[in-house]
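Enquirer: Below you'll find the structure I mean.
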Amino acid sequence: MSERDVIVIGAGAAGLAAGRLLARAGVDVLVLEARDRVGGRAWTVEPEPGLPIDLGCGWLHSADRNPLTRIAKVMGCGIDRTEPDWGKVGGSDQADWNAARAGFYDRLDRIGAETPDRPVADALEPGGRWNPLLAAVTSYISGADPTLISAEDTARYADTGRNWRVSHGYGHAIAQYGGRVPVALSTRVTRIDHRSRRIRVETGQGGLACKAAIVAVPTPALAEGELQFLPALPGKRDAAAALPLGLADKLYFAIRGPADDLPADHHLLGSIQRADTGNYQIRPSGRPLVECFFGGNLAAELERQGSAAMASFALNELRGLLGQDIVSRLVQRAHWFWGADPLARGSYSYAVPGAAAARSDLASPVEDRLFFAGEACSAESYSTAHGAYLSGRAAGRQALRALRGFKAA
């Protein structure tokens, strides 16, 4: 059984950040990843040469202070600073929508500071005209219905309002960043035995020993006991269960033939009257694509029905927005079902009402040698790749301090 100073479980943004920090500090570290690739929920594919598509995270949120903005530039991936026009509904409804949306977020901030915690749905105006659209937007942001989400946790999210894209793909940038990190792919961890001074990490390929371990896996793996601990850690399991993953899925169409008649970087909503509606980005970064985004209950239902149903739903809404001719001009290029992905089981975390403290509970070390990272551990930047990255860096620093104590003992 080989031994390392630190073993990191999970090669997403958090695990790679921890592994890179430790490797640069001269620590003997190994990152174990169950997938056959790094990046986790950041994943860029290229169905055609020169046409990168992000099936996972795609926006540098709070881009003006997001550390991954600089990293993407250093990795040579380029930054598209075109801001999205997400707030537009168009026509005479715009002013009314702006007022309703502002009122909703004002109420959300207010009830988010109240005790006891309440669901986000309590910030909706009773009988409000825009409630279905506000529910749809919430499903895009959190991946779940507003009745399921903690108002306190939502109000803690910190956002500068700057949203940029990575020109060569967000997932590609994170994979490039992790290129110098020691990673063992296709190595699924099943159990962490921390009964002895040396931690034993069990995998499908055998066991390894380490002085400290960093766990950077999606919350369902902890909540449902897929990754076991010996002795058990019921507090971690409870914290993870209170931070389920919401669902957001993407589908991409390529545009056949000339596309200059369609506006570049233009956002459209399938409907402003339904909660179960798609979010469409026309020609993102000027490319001949339509990016279709579905959240919450709608994403879950479309996953149940399959990719053909998802494409049909999107085409029907796009027909209503852009006319009948658009259907013959679009060809399906890529999609991914994150809920059906056995190593993710969802897209990004939200806290259930009353569980805003679960993020700090999940992030807290155990015995000063088991450390936890991932977007769900971030109090203010959860659901983002940069939140995962920052939590991984924090866990890496904790592990460094623990190694000093281990050597002194």
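Going by the structure tokens order, chains are called A, B, ..., each with residues numbered from 1, while ligands are numbered from 1 in the order shown.
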Excluding stretch 89-91 of chain A and residues on its chain fewer than 2 positions from it, collect all residues at most 10 Å away from it, counting only C-alpha atoms, and give them as a list in words.
Expert: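 Contacts, with the query itself left out: Asp85, Trp86, Gly87, Asp93, Gln94, Ala95, Asp96, Trp97, Asn98, His267, Leu268, Leu269, Ser271 and Ile272 of chain A.
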Enquirer: What lies within 7 Å of A:Gly19 using only C-alpha atoms, ignoring chain neighbours under 2 positions off, as a PyMOL selection string?
Expert: chain A and resi 8+15-17+21-23+29+31+181
Enquirer: Enumerate as a ChimeraX atom specification all residues of stretch 106-252 of chain A assigned to strand (DSSP E) by DSSP on the backbone, naming them with the chain letters and numbers the document uses.
Expert: /A:163-166,183-184,189-193,199-203,206-215,228-230,245-246,248-252
Enquirer: Dump N, CA and C atoms for the selected residues as a compact mmCIF listing (two decimals), in the first residue's frame?
Expert:
```txt
# COMPACT_ATOMS: atom_id res chain seq x y z
N ASN A 163 -20.53 39.28 -15.46
CA ASN A 163 -20.57 37.91 -15.96
C ASN A 163 -19.91 37.85 -17.33
N TRP A 164 -18.78 37.15 -17.41
CA TRP A 164 -18.03 37.02 -18.66
C TRP A 164 -17.88 35.54 -19.01
N ARG A 165 -17.51 35.28 -20.24
CA ARG A 165 -17.28 33.90 -20.69
C ARG A 165 -15.79 33.65 -20.92
N VAL A 166 -15.42 32.38 -20.85
CA VAL A 166 -14.08 31.95 -21.23
C VAL A 166 -14.13 31.55 -22.71
N VAL A 183 -2.67 13.49 -10.81
CA VAL A 183 -4.05 12.99 -10.78
C VAL A 183 -4.07 11.54 -11.25
N ALA A 184 -4.80 10.70 -10.53
CA ALA A 184 -5.09 9.33 -10.97
C ALA A 184 -6.55 9.30 -11.42
N VAL A 189 -13.05 6.40 -5.15
CA VAL A 189 -12.84 6.16 -3.73
C VAL A 189 -14.15 5.69 -3.11
N THR A 190 -14.08 4.62 -2.36
CA THR A 190 -15.28 4.05 -1.74
C THR A 190 -15.32 4.25 -0.23
N ARG A 191 -14.13 4.33 0.40
CA ARG A 191 -14.13 4.45 1.87
C ARG A 191 -12.88 5.17 2.34
N ILE A 192 -13.05 5.96 3.40
CA ILE A 192 -11.93 6.62 4.06
C ILE A 192 -11.91 6.13 5.50
N ASP A 193 -10.87 5.39 5.85
CA ASP A 193 -10.72 4.80 7.19
C ASP A 193 -9.76 5.69 7.97
N ILE A 199 -4.29 7.69 7.62
CA ILE A 199 -5.61 7.51 7.01
C ILE A 199 -5.47 6.52 5.86
N ARG A 200 -6.40 5.59 5.76
CA ARG A 200 -6.41 4.64 4.65
C ARG A 200 -7.56 5.01 3.71
N VAL A 201 -7.22 5.18 2.44
CA VAL A 201 -8.19 5.52 1.42
C VAL A 201 -8.38 4.31 0.51
N GLU A 202 -9.59 3.77 0.50
CA GLU A 202 -9.88 2.58 -0.29
C GLU A 202 -10.44 2.97 -1.66
N THR A 203 -9.91 2.35 -2.71
CA THR A 203 -10.39 2.59 -4.07
C THR A 203 -10.64 1.25 -4.75
N GLY A 206 -7.42 -0.60 -5.07
CA GLY A 206 -6.64 -0.91 -3.88
C GLY A 206 -6.63 0.24 -2.90
N GLY A 207 -5.79 0.11 -1.88
CA GLY A 207 -5.75 1.11 -0.83
C GLY A 207 -4.50 1.96 -0.86
N LEU A 208 -4.62 3.18 -0.34
CA LEU A 208 -3.49 4.08 -0.18
C LEU A 208 -3.54 4.65 1.23
N ALA A 209 -2.39 5.07 1.73
CA ALA A 209 -2.31 5.68 3.04
C ALA A 209 -1.88 7.14 2.91
N CYS A 210 -2.30 7.96 3.85
CA CYS A 210 -1.90 9.37 3.83
C CYS A 210 -1.97 9.94 5.24
N LYS A 211 -1.33 11.08 5.40
CA LYS A 211 -1.37 11.78 6.68
C LYS A 211 -2.61 12.66 6.80
N ALA A 212 -3.07 13.17 5.67
CA ALA A 212 -4.27 14.02 5.64
C ALA A 212 -4.99 13.79 4.32
N ALA A 213 -6.29 14.02 4.34
CA ALA A 213 -7.10 13.84 3.13
C ALA A 213 -8.03 15.03 2.96
N ILE A 214 -8.26 15.39 1.71
CA ILE A 214 -9.20 16.45 1.36
C ILE A 214 -10.31 15.84 0.52
N VAL A 215 -11.54 16.01 0.96
CA VAL A 215 -12.70 15.45 0.28
C VAL A 215 -13.38 16.56 -0.51
N GLN A 228 -17.97 6.33 2.02
CA GLN A 228 -18.14 5.96 3.42
C GLN A 228 -16.92 6.37 4.25
N PHE A 229 -17.20 6.63 5.53
CA PHE A 229 -16.14 6.95 6.48
C PHE A 229 -16.17 5.94 7.62
N LEU A 230 -14.99 5.60 8.09
CA LEU A 230 -14.86 4.68 9.20
C LEU A 230 -13.88 5.28 10.22
N LEU A 245 -28.16 19.08 -4.51
CA LEU A 245 -27.82 19.73 -5.77
C LEU A 245 -29.10 20.03 -6.56
N GLY A 246 -29.26 21.28 -6.92
CA GLY A 246 -30.30 21.64 -7.86
C GLY A 246 -29.91 21.17 -9.25
N ALA A 248 -29.63 21.99 -13.42
CA ALA A 248 -29.62 22.87 -14.58
C ALA A 248 -28.93 22.14 -15.71
N ASP A 249 -29.59 22.00 -16.83
CA ASP A 249 -29.07 21.26 -17.98
C ASP A 249 -29.00 22.16 -19.21
N LYS A 250 -28.06 21.82 -20.09
CA LYS A 250 -27.88 22.58 -21.33
C LYS A 250 -28.06 21.68 -22.55
N LEU A 251 -28.55 22.31 -23.59
CA LEU A 251 -28.66 21.68 -24.91
C LEU A 251 -28.18 22.71 -25.92
N TYR A 252 -27.39 22.27 -26.88
CA TYR A 252 -26.88 23.18 -27.91
C TYR A 252 -27.34 22.77 -29.30
```
Enquirer: If you count only C-alpha atoms, which residues fall within 10 Å of A:Ala100, apart from same-chain ones fewer than 3 positions away, as a list in words?
Expert: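 Returned residues: Gln94, Ala95, Asp96, Trp97, Gly103, Phe104, Tyr105, Asp106, Leu124, Glu125, Gly128, Arg129, Trp130, Asn131 and Leu134 of chain A.
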Enquirer: From the options A:Leu185, A:Leu362, A:Leu133, A:Ala311, which residue's atoms come nearest to A:Gln273, counting only C-alpha atoms?
Expert: A:Leu133
Enquirer: At a cut-off of 12 Å, using only C-alpha atoms, what residues contact A:Thr138? Leave out same-chain residues fewer than 2 positions from it and give the result as number ranges by chain.
Expert: A: 101, 104-105, 108, 119-121, 123-124, 131-136, 140-151, 154, 246-248, 275-277, 279, 294-297, 350
